[in-house]
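*Asks:* To be precise about what I am sending: the file is called query_24.cif and holds mmCIF, C-alpha atoms.
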data_target
loop_
_atom_site.label_atom_id
_atom_site.label_comp_id
_atom_site.auth_asym_id
_atom_site.auth_seq_id
_atom_site.Cartn_x
_atom_site.Cartn_y
_atom_site.Cartn_z
CA MET A 266 90.05 112.43 40.06
CA PRO A 267 90.86 113.75 43.54
CA ASP A 268 94.46 114.48 44.33
CA PRO A 269 95.65 112.00 46.99
CA ALA A 270 97.89 114.60 48.58
CA GLN A 271 94.98 117.02 48.83
CA GLY A 272 92.79 114.29 50.29
CA LYS A 273 95.37 113.66 52.95
CA SER A 274 95.57 117.28 53.95
CA ALA A 275 91.80 117.53 54.12
CA ALA A 276 91.59 114.55 56.49
CA PRO A 277 90.35 115.45 59.96
CA LEU A 278 93.00 115.88 62.59
CA SER A 279 93.34 113.08 65.10
CA PRO A 280 91.97 113.87 68.56
CA ARG A 281 95.52 113.86 69.88
CA LEU A 282 96.55 116.71 67.55
CA LYS A 283 93.40 118.66 68.31
CA GLN A 284 94.16 118.79 72.02
CA GLU A 285 95.18 122.16 73.29
CA PRO A 286 98.34 122.36 75.37
CA ALA A 287 97.66 121.84 79.05
CA SER A 288 97.54 125.05 80.98
CA PRO A 289 100.24 125.32 83.66
CA GLN A 290 99.05 124.54 87.15
CA PRO A 291 99.19 127.46 89.56
CA LEU A 292 101.86 126.96 92.20
CA THR A 293 100.05 126.88 95.50
CA LEU A 294 101.50 126.74 98.98
CA MET A 295 100.21 123.19 99.41
CA ALA A 296 101.92 122.12 96.18
CA VAL A 297 105.25 123.20 97.69
CA VAL A 298 104.73 122.17 101.30
CA THR A 299 103.17 118.70 100.90
CA PRO A 300 105.99 117.06 98.92
CA LEU A 301 108.53 118.54 101.32
CA VAL A 302 106.66 117.30 104.39
CA GLY A 303 105.98 114.00 102.61
CA TRP A 304 109.71 113.56 102.05
CA LEU A 305 110.71 114.54 105.58
CA VAL A 306 107.99 112.53 107.35
CA PRO A 307 106.81 109.35 105.58
CA GLY A 308 103.09 109.76 104.86
CA GLY A 309 103.19 113.37 106.11
CA GLY A 310 102.08 114.83 102.78
CA HIS A 311 98.95 112.69 102.85
CA PHE A 312 98.25 113.67 106.46
CA LEU A 313 98.30 117.33 105.38
CA HIS A 314 95.63 116.47 102.80
CA LYS A 315 93.64 114.71 105.56
CA ARG A 316 94.11 111.34 103.81
CA TRP A 317 94.59 109.67 107.17
CA GLY A 318 94.26 106.05 106.07
CA ARG A 319 96.55 106.35 103.08
CA GLY A 320 99.06 108.38 105.08
CA ALA A 321 99.13 105.83 107.90
CA LEU A 322 99.65 102.93 105.49
CA LEU A 323 102.44 104.76 103.65
CA ALA A 324 104.10 105.79 106.91
CA ALA A 325 103.89 102.25 108.29
CA SER A 326 105.21 100.67 105.09
CA VAL A 327 108.18 103.02 104.62
CA THR A 328 109.11 103.10 108.31
CA CYS A 329 108.82 99.33 108.80
CA MET A 330 110.89 98.67 105.70
CA PHE A 331 113.58 101.11 106.84
CA VAL A 332 113.69 99.72 110.40
CA ILE A 333 113.73 96.10 109.20
CA GLY A 334 116.63 97.03 106.92
CA LEU A 335 118.51 98.46 109.89
CA LEU A 336 117.72 95.41 112.05
CA MET A 337 119.06 93.17 109.27
CA GLN A 338 122.35 95.04 109.72
CA GLY A 339 121.99 96.91 106.45
CA LYS A 340 124.42 99.66 105.58
CA VAL A 341 123.37 103.32 105.49
CA TYR A 342 125.37 105.32 102.96
CA SER A 343 126.85 108.68 103.82
CA ALA A 344 127.41 111.53 101.34
CA ASN A 345 130.18 110.56 98.96
CA PHE A 346 131.48 111.27 95.47
CA GLY A 347 133.29 107.99 94.87
CA ASP A 348 131.86 104.85 93.32
CA ILE A 349 128.68 105.46 91.33
CA LEU A 350 126.83 102.67 93.20
CA ASP A 351 127.72 104.31 96.52
CA VAL A 352 126.45 107.67 95.25
CA LEU A 353 123.19 106.07 94.07
CA GLY A 354 122.88 104.26 97.41
CA PHE A 355 123.22 107.58 99.20
CA VAL A 356 120.56 109.18 96.98
CA GLY A 357 118.18 106.28 97.69
CA ASP A 358 118.83 106.44 101.43
CA LEU A 359 118.35 110.20 101.48
CA GLY A 360 114.81 109.69 100.13
CA ALA A 361 113.75 108.40 103.55
CA GLY A 362 113.93 111.96 104.90
CA CYS A 363 113.99 112.23 108.68
CA LEU A 364 114.54 108.48 109.07
CA TYR A 365 117.83 108.87 107.24
CA LEU A 366 118.79 112.00 109.17
CA MET A 367 118.02 110.25 112.47
CA THR A 368 120.09 107.25 111.47
CA ARG A 369 123.04 109.46 110.62
CA ALA A 370 122.60 111.45 113.84
CA PHE A 371 122.63 108.28 115.99
CA ASP A 372 125.38 106.73 113.88
CA TRP A 373 123.41 103.59 113.08
CA GLY A 374 123.61 101.45 109.97
CA HIS A 375 127.24 100.47 109.68
CA GLY A 376 126.41 97.21 107.96
CA SER A 377 127.81 93.80 108.70
CA ILE A 378 129.79 91.50 106.45
CA ASN A 379 129.24 88.52 108.76
CA LEU A 380 125.54 88.18 107.97
CA ALA A 381 124.44 86.81 104.62
CA THR A 382 121.21 88.82 104.73
CA ALA A 383 122.87 92.14 105.67
CA ASP A 384 123.03 93.04 101.98
CA TYR A 385 119.25 92.59 101.81
CA GLY A 386 119.01 95.05 104.70
CA THR A 387 120.98 97.59 102.68
CA LYS A 388 118.53 97.15 99.80
CA PHE A 389 115.55 97.44 102.15
CA ILE A 390 116.85 100.81 103.37
CA ILE A 391 117.42 102.12 99.84
CA VAL A 392 114.02 100.94 98.61
CA ALA A 393 112.30 102.46 101.68
CA GLY A 394 113.81 105.81 100.64
CA LEU A 395 112.68 105.40 97.04
CA LEU A 396 109.16 104.42 98.09
CA ASN A 397 109.05 107.52 100.28
CA VAL A 398 109.92 109.67 97.26
CA ILE A 399 107.04 108.05 95.34
CA SER A 400 104.74 108.89 98.27
CA ALA A 401 105.91 112.51 98.29
CA VAL A 402 105.26 112.79 94.54
CA ASP A 403 101.78 111.33 95.11
CA ALA A 404 101.12 113.99 97.76
CA TYR A 405 102.16 116.63 95.20
CA ASP A 406 99.76 115.14 92.63
CA ILE A 407 96.94 115.43 95.16
CA ALA A 408 97.92 119.03 95.91
CA ILE A 409 97.73 120.11 92.25
CA GLY A 410 94.46 118.26 91.72
CA LYS A 411 95.87 115.64 89.35
CA LYS A 412 94.72 112.87 91.67
CA PRO A 413 91.55 112.73 93.79
CA MET B 190 119.06 93.43 118.08
CA ILE B 191 119.66 91.54 114.88
CA LEU B 192 116.88 90.34 112.61
CA GLU B 193 117.76 87.32 110.52
CA LEU B 194 115.15 86.65 107.86
CA SER B 195 115.43 83.85 105.36
CA HIS B 196 115.74 84.87 101.72
CA PHE B 197 112.13 83.94 101.02
CA SER B 198 110.65 85.69 104.04
CA ALA B 199 112.72 88.81 103.25
CA ALA B 200 111.28 88.74 99.73
CA LEU B 201 107.75 88.39 101.13
CA VAL B 202 108.21 91.35 103.48
CA PHE B 203 109.66 93.40 100.65
CA ALA B 204 106.74 92.47 98.38
CA LEU B 205 104.19 93.38 101.04
CA PHE B 206 105.47 96.89 101.75
CA ALA B 207 106.29 97.73 98.15
CA SER B 208 102.82 96.57 97.05
CA VAL B 209 101.09 98.73 99.66
CA VAL B 210 102.94 101.84 98.45
CA PHE B 211 102.44 100.98 94.77
CA GLY B 212 98.74 100.36 95.29
CA ILE B 213 98.14 103.65 97.09
CA THR B 214 100.26 105.83 94.82
CA GLN B 215 99.50 104.41 91.39
CA LYS B 216 95.68 104.25 91.46
CA ASP B 217 92.92 106.73 92.18
CA THR B 218 90.05 104.88 93.84
CA ARG B 219 90.11 102.51 96.80
CA PRO B 220 88.95 99.35 94.94
CA GLN B 221 91.54 100.01 92.23
CA MET B 222 94.23 100.52 94.88
CA ILE B 223 93.42 97.24 96.61
CA ARG B 224 93.24 95.30 93.34
CA TYR B 225 96.52 96.77 92.07
CA GLY B 226 98.27 96.22 95.40
CA VAL B 227 97.20 92.58 95.54
CA ARG B 228 98.25 92.09 91.93
CA CYS B 229 101.66 93.65 92.62
CA PHE B 230 102.14 91.42 95.67
CA PHE B 231 101.40 88.21 93.81
CA THR B 232 103.52 89.34 90.85
CA PHE B 233 106.44 89.91 93.22
CA VAL B 234 105.95 86.48 94.81
CA ALA B 235 105.57 84.77 91.43
CA GLY B 236 108.75 86.50 90.25
CA VAL B 237 110.64 85.29 93.33
CA LEU B 238 109.44 81.71 92.83
CA ALA B 239 110.22 81.79 89.11
CA ALA B 240 113.70 83.20 89.73
CA GLY B 241 114.28 80.61 92.47
CA TRP B 242 113.32 77.70 90.23
CA PHE B 243 115.38 79.15 87.37
CA MET B 244 118.49 79.34 89.55
CA TYR B 245 117.84 75.85 90.94
CA LEU B 246 117.64 74.40 87.43
CA LEU B 247 120.66 76.43 86.33
CA ARG B 248 122.71 74.96 89.15
CA ARG B 249 121.93 71.34 88.23
#
Please, can you express the file's structure as structure tokens?
*Replies:*
Amino acid sequence: MPDPAQGKSAAPLSPRLKQEPASPQPLTLMAVVTPLVGWLVPGGGHFLHKRWGRGALLAASVTCMFVIGLLMQGKVYSANFGDILDVLGFVGDLGAGCLYLMTRAFDWGHGSINLATADYGTKFIIVAGLLNVISAVDAYDIAIGKKP
Amino acid sequence: MILELSHFSAALVFALFASVVFGITQKDTRPQMIRYGVRCFFTFVAGVLAAGWFMYLLRR
């Protein structure tokens, strides 16, 4: 009678266990530059890869969302170490790259408590920054060949 | 200049731009991107309508 324990050990390994560890991707110049440019300029990482259509759509989406947020009298957070929600708001805003830096330079985005939809504007600005970070990560994925 | 959008139109604008970025960044080929983007948009809109009806019924 076969030993059940022995039978178990003789069972073929699942394909998942058979997989060899992924080799580390070589760090190329494009892999460093494209996410940085993609963060600073919305869609810029995709433009560097000559993905003109995708880059234009990403740039338009992020920029429009950010500008609409400002026009809705949304608040732009400055660097702070106070309330955790304020810190997270700053991190989200910072994701918009040069849009955020321009807003700070021109001293826009003070927010308004008179408008009911001003809070939506604040969220639009934060989400525009977060979407820009996703775009920059996508540009990195293209640079390392993970995405066509 | 002040832009005053209604709650619903703000949600539609949000859904549109977020869906474009999701579609482009989460899928590899163009047909997949379009399909995923459209699906995201309608999911956003359905979520807004569902939440709106839920709050309306909650208030009554």
*Asks:* Distance table requested - chain A against chain B, cut-off 8 Å, all atoms listed in the file: one row per qualifying residue with the closest atom pair and its distance in Å to one decimal, ordered by chain and rising residue number, as JSON lines.
*Replies:*
{"residue": "A:Arg319", "atom": "CA", "partner": "B:Ile213", "partner_atom": "CA", "distance": 6.8}
{"residue": "A:Leu322", "atom": "CA", "partner": "B:Val209", "partner_atom": "CA", "distance": 7.3}
{"residue": "A:Leu323", "atom": "CA", "partner": "B:Val210", "partner_atom": "CA", "distance": 6.0}
{"residue": "A:Ser326", "atom": "CA", "partner": "B:Phe206", "partner_atom": "CA", "distance": 5.1}
{"residue": "A:Val327", "atom": "CA", "partner": "B:Phe206", "partner_atom": "CA", "distance": 7.3}
{"residue": "A:Met330", "atom": "CA", "partner": "B:Phe206", "partner_atom": "CA", "distance": 6.9}
{"residue": "A:Ile333", "atom": "CA", "partner": "B:Leu192", "partner_atom": "CA", "distance": 7.4}
{"residue": "A:Leu336", "atom": "CA", "partner": "B:Leu192", "partner_atom": "CA", "distance": 5.2}
{"residue": "A:Met337", "atom": "CA", "partner": "B:Leu192", "partner_atom": "CA", "distance": 4.9}
{"residue": "A:Gln338", "atom": "CA", "partner": "B:Ile191", "partner_atom": "CA", "distance": 6.8}
{"residue": "A:Thr382", "atom": "CA", "partner": "B:Glu193", "partner_atom": "CA", "distance": 6.9}
{"residue": "A:Tyr385", "atom": "CA", "partner": "B:Ala199", "partner_atom": "CA", "distance": 7.7}
{"residue": "A:Phe389", "atom": "CA", "partner": "B:Phe203", "partner_atom": "CA", "distance": 7.3}
{"residue": "A:Leu396", "atom": "CA", "partner": "B:Val210", "partner_atom": "CA", "distance": 6.7}
{"residue": "A:Ile399", "atom": "CA", "partner": "B:Thr214", "partner_atom": "CA", "distance": 7.2}
{"residue": "A:Ser400", "atom": "CA", "partner": "B:Thr214", "partner_atom": "CA", "distance": 6.4}
{"residue": "A:Asp403", "atom": "CA", "partner": "B:Thr214", "partner_atom": "CA", "distance": 5.7}
{"residue": "A:Lys412", "atom": "CA", "partner": "B:Asp217", "partner_atom": "CA", "distance": 6.4}
{"residue": "A:Pro413", "atom": "CA", "partner": "B:Asp217", "partner_atom": "CA", "distance": 6.4}
*Asks:* Can you write out the residues you just picked, keeping C-alpha atoms, as an mmCIF file, keeping the file's coordinate frame?
*Replies:*
data_model
loop_
_atom_site.group_PDB
_atom_site.id
_atom_site.type_symbol
_atom_site.label_atom_id
_atom_site.label_comp_id
_atom_site.auth_asym_id
_atom_site.auth_seq_id
_atom_site.Cartn_x
_atom_site.Cartn_y
_atom_site.Cartn_z
ATOM 1 C CA ARG A 319 96.550 106.350 103.080
ATOM 2 C CA LEU A 322 99.650 102.930 105.490
ATOM 3 C CA LEU A 323 102.440 104.760 103.650
ATOM 4 C CA SER A 326 105.210 100.670 105.090
ATOM 5 C CA VAL A 327 108.180 103.020 104.620
ATOM 6 C CA MET A 330 110.890 98.670 105.700
ATOM 7 C CA ILE A 333 113.730 96.100 109.200
ATOM 8 C CA LEU A 336 117.720 95.410 112.050
ATOM 9 C CA MET A 337 119.060 93.170 109.270
ATOM 10 C CA GLN A 338 122.350 95.040 109.720
ATOM 11 C CA THR A 382 121.210 88.820 104.730
ATOM 12 C CA TYR A 385 119.250 92.590 101.810
ATOM 13 C CA PHE A 389 115.550 97.440 102.150
ATOM 14 C CA LEU A 396 109.160 104.420 98.090
ATOM 15 C CA ILE A 399 107.040 108.050 95.340
ATOM 16 C CA SER A 400 104.740 108.890 98.270
ATOM 17 C CA ASP A 403 101.780 111.330 95.110
ATOM 18 C CA LYS A 412 94.720 112.870 91.670
ATOM 19 C CA PRO A 413 91.550 112.730 93.790
#
*Asks:* Considering only C-alpha atoms, return as a list in words whatever protein or nucleic-acid residues lie within 10 Å of Ala408 in chain A, sequence-local ones (same chain, fewer than 2 positions apart) excluded.
*Replies:*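 That gives Leu292, Thr293, Leu294, Met295, Ala296, Val297, Val298, Thr299, Pro300, Gly310, His311, Leu313, His314, Val402, Asp403, Ala404, Tyr405, Asp406, Gly410, Lys411, Lys412 and Pro413 of chain A.
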*Asks:* Would you kindly translate the PyMOL selection byres ((chain A and resi 362) around 10) into the concrete residues it picks from this file, as a PyMOL selection string?
*Replies:* chain A and resi 301-307+358-361+363-367+394+397-398
*Asks:* Can you turn the PyMOL selection byres ((chain B and resi 230-237) around 8) into a concrete residue list for this file, as a list in words?
*Replies:*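 Applying the expression gives Phe197, Ala200, Leu201, Ala204, Leu205, Ala207, Ser208, Gly226, Val227, Arg228, Cys229, Leu238, Ala239, Ala240 and Gly241 of chain B.
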*Asks:* So the first atom is CA of Ser343 in chain A and the second is CA of Phe355 in chain A; what is the distance between them in Å, to one decimal place?
*Replies:*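 Those two atoms sit 6.0 Å apart.
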*Asks:* Enter the distance from CA of Ala324 in chain A to CA of Gly308 in chain A, in Å, rounded to one decimal.
*Replies:* 4.6 Å
*Asks:* Please determine an axis-aligned box that encloses all atoms of range 403-412 of chain A listed in the file, with 4 Å added on each side, and express its centre and edge lengths in Å to one decimal as lines of an AutoDock Vina configuration file.
*Replies:*
center_x = 98.3
center_y = 115.7
center_z = 93.6
size_x = 15.7
size_y = 16.8
size_z = 16.4
*Asks:* Just to confirm, what's the straight-line distance from CA of Phe312 in chain A to CA of Ile407 in chain A in Å (one decimal)?
*Replies:*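 Computed distance, CA of Phe312 in chain A to CA of Ile407 in chain A, equals 11.5 Å.
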*Asks:* Save range 269-403 of chain A of the structure in the block above to a file, with C-alpha atoms included, as a PDB file, in the first residue's frame.
*Replies:*
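Listing of result-v5.pdb after writing:
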ATOM      1  CA  PRO A 269       0.029   8.782   1.548  1.00  0.00           C
ATOM      2  CA  ALA A 270       2.741  11.113   2.769  1.00  0.00           C
ATOM      3  CA  GLN A 271       5.128   9.790   0.137  1.00  0.00           C
ATOM      4  CA  GLY A 272       2.450  10.163  -2.520  1.00  0.00           C
ATOM      5  CA  LYS A 273       2.000  13.763  -1.555  1.00  0.00           C
ATOM      6  CA  SER A 274       5.670  14.539  -1.821  1.00  0.00           C
ATOM      7  CA  ALA A 275       5.865  12.855  -5.201  1.00  0.00           C
ATOM      8  CA  ALA A 276       3.014  14.979  -6.564  1.00  0.00           C
ATOM      9  CA  PRO A 277       4.081  17.369  -9.318  1.00  0.00           C
ATOM     10  CA  LEU A 278       4.687  20.920  -8.257  1.00  0.00           C
ATOM     11  CA  SER A 279       2.035  23.430  -9.212  1.00  0.00           C
ATOM     12  CA  PRO A 280       2.987  25.753 -12.072  1.00  0.00           C
ATOM     13  CA  ARG A 281       3.096  28.619  -9.600  1.00  0.00           C
ATOM     14  CA  LEU A 282       5.838  26.931  -7.538  1.00  0.00           C
ATOM     15  CA  LYS A 283       7.775  25.967 -10.641  1.00  0.00           C
ATOM     16  CA  GLN A 284       8.117  29.570 -11.763  1.00  0.00           C
ATOM     17  CA  GLU A 285      11.559  30.992 -11.446  1.00  0.00           C
ATOM     18  CA  PRO A 286      11.918  34.321  -9.681  1.00  0.00           C
ATOM     19  CA  ALA A 287      11.585  37.235 -12.057  1.00  0.00           C
ATOM     20  CA  SER A 288      14.895  38.690 -13.059  1.00  0.00           C
ATOM     21  CA  PRO A 289      15.344  42.320 -11.985  1.00  0.00           C
ATOM     22  CA  GLN A 290      14.736  44.842 -14.722  1.00  0.00           C
ATOM     23  CA  PRO A 291      17.782  46.856 -15.724  1.00  0.00           C
ATOM     24  CA  LEU A 292      17.461  50.481 -14.668  1.00  0.00           C
ATOM     25  CA  THR A 293      17.533  52.493 -17.855  1.00  0.00           C
ATOM     26  CA  LEU A 294      17.604  56.249 -18.267  1.00  0.00           C
ATOM     27  CA  MET A 295      14.062  56.194 -19.647  1.00  0.00           C
ATOM     28  CA  ALA A 296      12.842  54.254 -16.603  1.00  0.00           C
ATOM     29  CA  VAL A 297      14.057  57.117 -14.404  1.00  0.00           C
ATOM     30  CA  VAL A 298      13.208  60.078 -16.616  1.00  0.00           C
ATOM     31  CA  THR A 299       9.704  59.164 -17.834  1.00  0.00           C
ATOM     32  CA  PRO A 300       8.003  58.885 -14.419  1.00  0.00           C
ATOM     33  CA  LEU A 301       9.644  62.131 -13.338  1.00  0.00           C
ATOM     34  CA  VAL A 302       8.544  63.973 -16.477  1.00  0.00           C
ATOM     35  CA  GLY A 303       5.144  62.265 -16.251  1.00  0.00           C
ATOM     36  CA  TRP A 304       4.728  63.603 -12.726  1.00  0.00           C
ATOM     37  CA  LEU A 305       5.916  67.126 -13.539  1.00  0.00           C
ATOM     38  CA  VAL A 306       3.953  67.464 -16.801  1.00  0.00           C
ATOM     39  CA  PRO A 307       0.667  65.522 -17.015  1.00  0.00           C
ATOM     40  CA  GLY A 308       0.985  63.068 -19.921  1.00  0.00           C
ATOM     41  CA  GLY A 309       4.654  64.013 -20.389  1.00  0.00           C
ATOM     42  CA  GLY A 310       5.922  60.490 -19.740  1.00  0.00           C
ATOM     43  CA  HIS A 311       3.739  59.152 -22.533  1.00  0.00           C
ATOM     44  CA  PHE A 312       4.894  61.919 -24.880  1.00  0.00           C
ATOM     45  CA  LEU A 313       8.498  60.797 -24.275  1.00  0.00           C
ATOM     46  CA  HIS A 314       7.463  57.301 -25.376  1.00  0.00           C
ATOM     47  CA  LYS A 315       5.818  58.849 -28.471  1.00  0.00           C
ATOM     48  CA  ARG A 316       2.369  57.724 -27.257  1.00  0.00           C
ATOM     49  CA  TRP A 317       0.884  60.991 -28.477  1.00  0.00           C
ATOM     50  CA  GLY A 318      -2.795  60.064 -28.284  1.00  0.00           C
ATOM     51  CA  ARG A 319      -2.615  58.541 -24.826  1.00  0.00           C
ATOM     52  CA  GLY A 320      -0.446  61.385 -23.575  1.00  0.00           C
ATOM     53  CA  ALA A 321      -2.841  64.026 -24.904  1.00  0.00           C
ATOM     54  CA  LEU A 322      -5.853  62.328 -23.324  1.00  0.00           C
ATOM     55  CA  LEU A 323      -4.081  61.971 -19.968  1.00  0.00           C
ATOM     56  CA  ALA A 324      -2.857  65.561 -20.071  1.00  0.00           C
ATOM     57  CA  ALA A 325      -6.321  66.856 -20.966  1.00  0.00           C
ATOM     58  CA  SER A 326      -8.048  64.786 -18.282  1.00  0.00           C
ATOM     59  CA  VAL A 327      -5.685  65.683 -15.437  1.00  0.00           C
ATOM     60  CA  THR A 328      -5.387  69.349 -16.395  1.00  0.00           C
ATOM     61  CA  CYS A 329      -9.131  69.846 -16.932  1.00  0.00           C
ATOM     62  CA  MET A 330      -9.920  68.168 -13.633  1.00  0.00           C
ATOM     63  CA  PHE A 331      -7.384  70.329 -11.799  1.00  0.00           C
ATOM     64  CA  VAL A 332      -8.582  73.570 -13.442  1.00  0.00           C
ATOM     65  CA  ILE A 333     -12.262  72.743 -12.872  1.00  0.00           C
ATOM     66  CA  GLY A 334     -11.413  72.098  -9.221  1.00  0.00           C
ATOM     67  CA  LEU A 335      -9.797  75.528  -8.989  1.00  0.00           C
ATOM     68  CA  LEU A 336     -12.738  77.192 -10.757  1.00  0.00           C
ATOM     69  CA  MET A 337     -15.100  75.531  -8.276  1.00  0.00           C
ATOM     70  CA  GLN A 338     -13.158  77.418  -5.584  1.00  0.00           C
ATOM     71  CA  GLY A 339     -11.468  74.287  -4.298  1.00  0.00           C
ATOM     72  CA  LYS A 340      -8.729  74.550  -1.719  1.00  0.00           C
ATOM     73  CA  VAL A 341      -5.105  73.761  -2.547  1.00  0.00           C
ATOM     74  CA  TYR A 342      -3.211  72.407   0.445  1.00  0.00           C
ATOM     75  CA  SER A 343       0.215  73.695   1.367  1.00  0.00           C
ATOM     76  CA  ALA A 344       2.935  71.646   3.087  1.00  0.00           C
ATOM     77  CA  ASN A 345       1.881  70.955   6.650  1.00  0.00           C
ATOM     78  CA  PHE A 346       2.427  68.491   9.486  1.00  0.00           C
ATOM     79  CA  GLY A 347      -0.852  69.026  11.325  1.00  0.00           C
ATOM     80  CA  ASP A 348      -4.085  67.149  10.780  1.00  0.00           C
ATOM     81  CA  ILE A 349      -3.637  63.841   8.963  1.00  0.00           C
ATOM     82  CA  LEU A 350      -6.351  64.734   6.410  1.00  0.00           C
ATOM     83  CA  ASP A 351      -4.524  67.973   5.602  1.00  0.00           C
ATOM     84  CA  VAL A 352      -1.259  66.071   5.149  1.00  0.00           C
ATOM     85  CA  LEU A 353      -2.961  63.548   2.837  1.00  0.00           C
ATOM     86  CA  GLY A 354      -4.599  66.414   0.934  1.00  0.00           C
ATOM     87  CA  PHE A 355      -1.180  67.962   0.413  1.00  0.00           C
ATOM     88  CA  VAL A 356       0.257  64.651  -0.822  1.00  0.00           C
ATOM     89  CA  GLY A 357      -2.638  64.279  -3.287  1.00  0.00           C
ATOM     90  CA  ASP A 358      -2.275  67.849  -4.527  1.00  0.00           C
ATOM     91  CA  LEU A 359       1.478  67.458  -4.925  1.00  0.00           C
ATOM     92  CA  GLY A 360       0.842  64.601  -7.372  1.00  0.00           C
ATOM     93  CA  ALA A 361      -0.276  67.143  -9.970  1.00  0.00           C
ATOM     94  CA  GLY A 362       3.353  68.226 -10.426  1.00  0.00           C
ATOM     95  CA  CYS A 363       3.821  71.540 -12.193  1.00  0.00           C
ATOM     96  CA  LEU A 364       0.109  72.348 -11.946  1.00  0.00           C
ATOM     97  CA  TYR A 365       0.449  72.313  -8.180  1.00  0.00           C
ATOM     98  CA  LEU A 366       3.693  74.295  -8.235  1.00  0.00           C
ATOM     99  CA  MET A 367       2.113  76.909 -10.520  1.00  0.00           C
ATOM    100  CA  THR A 368      -0.908  77.187  -8.264  1.00  0.00           C
ATOM    101  CA  ARG A 369       1.301  77.749  -5.244  1.00  0.00           C
ATOM    102  CA  ALA A 370       3.447  80.249  -7.153  1.00  0.00           C
ATOM    103  CA  PHE A 371       0.399  82.312  -8.211  1.00  0.00           C
ATOM    104  CA  ASP A 372      -1.216  81.884  -4.800  1.00  0.00           C
ATOM    105  CA  TRP A 373      -4.430  80.398  -6.177  1.00  0.00           C
ATOM    106  CA  GLY A 374      -6.721  77.892  -4.528  1.00  0.00           C
ATOM    107  CA  HIS A 375      -7.664  79.451  -1.224  1.00  0.00           C
ATOM    108  CA  GLY A 376     -11.024  77.721  -1.153  1.00  0.00           C
ATOM    109  CA  SER A 377     -14.368  79.226  -0.324  1.00  0.00           C
ATOM    110  CA  ILE A 378     -16.750  78.343   2.463  1.00  0.00           C
ATOM    111  CA  ASN A 379     -19.615  80.257   0.824  1.00  0.00           C
ATOM    112  CA  LEU A 380     -20.048  77.798  -2.036  1.00  0.00           C
ATOM    113  CA  ALA A 381     -21.618  74.414  -1.401  1.00  0.00           C
ATOM    114  CA  THR A 382     -19.648  72.837  -4.247  1.00  0.00           C
ATOM    115  CA  ALA A 383     -16.261  74.280  -3.212  1.00  0.00           C
ATOM    116  CA  ASP A 384     -15.554  71.090  -1.278  1.00  0.00           C
ATOM    117  CA  TYR A 385     -16.075  69.139  -4.513  1.00  0.00           C
ATOM    118  CA  GLY A 386     -13.471  71.418  -6.086  1.00  0.00           C
ATOM    119  CA  THR A 387     -11.005  70.459  -3.358  1.00  0.00           C
ATOM    120  CA  LYS A 388     -11.640  66.787  -4.114  1.00  0.00           C
ATOM    121  CA  PHE A 389     -11.268  67.383  -7.857  1.00  0.00           C
ATOM    122  CA  ILE A 390      -7.817  68.897  -7.269  1.00  0.00           C
ATOM    123  CA  ILE A 391      -6.691  66.017  -5.049  1.00  0.00           C
ATOM    124  CA  VAL A 392      -7.987  63.367  -7.444  1.00  0.00           C
ATOM    125  CA  ALA A 393      -6.329  65.132 -10.407  1.00  0.00           C
ATOM    126  CA  GLY A 394      -3.018  64.774  -8.549  1.00  0.00           C
ATOM    127  CA  LEU A 395      -3.633  61.105  -7.797  1.00  0.00           C
ATOM    128  CA  LEU A 396      -4.612  60.372 -11.407  1.00  0.00           C
ATOM    129  CA  ASN A 397      -1.409  62.064 -12.519  1.00  0.00           C
ATOM    130  CA  VAL A 398       0.599  59.728 -10.269  1.00  0.00           C
ATOM    131  CA  ILE A 399      -1.167  56.746 -11.882  1.00  0.00           C
ATOM    132  CA  SER A 400      -0.212  58.154 -15.306  1.00  0.00           C
ATOM    133  CA  ALA A 401       3.421  58.540 -14.243  1.00  0.00           C
ATOM    134  CA  VAL A 402       3.493  54.932 -13.001  1.00  0.00           C
ATOM    135  CA  ASP A 403       2.011  53.830 -16.342  1.00  0.00           C
TER     136      ASP A 403
END
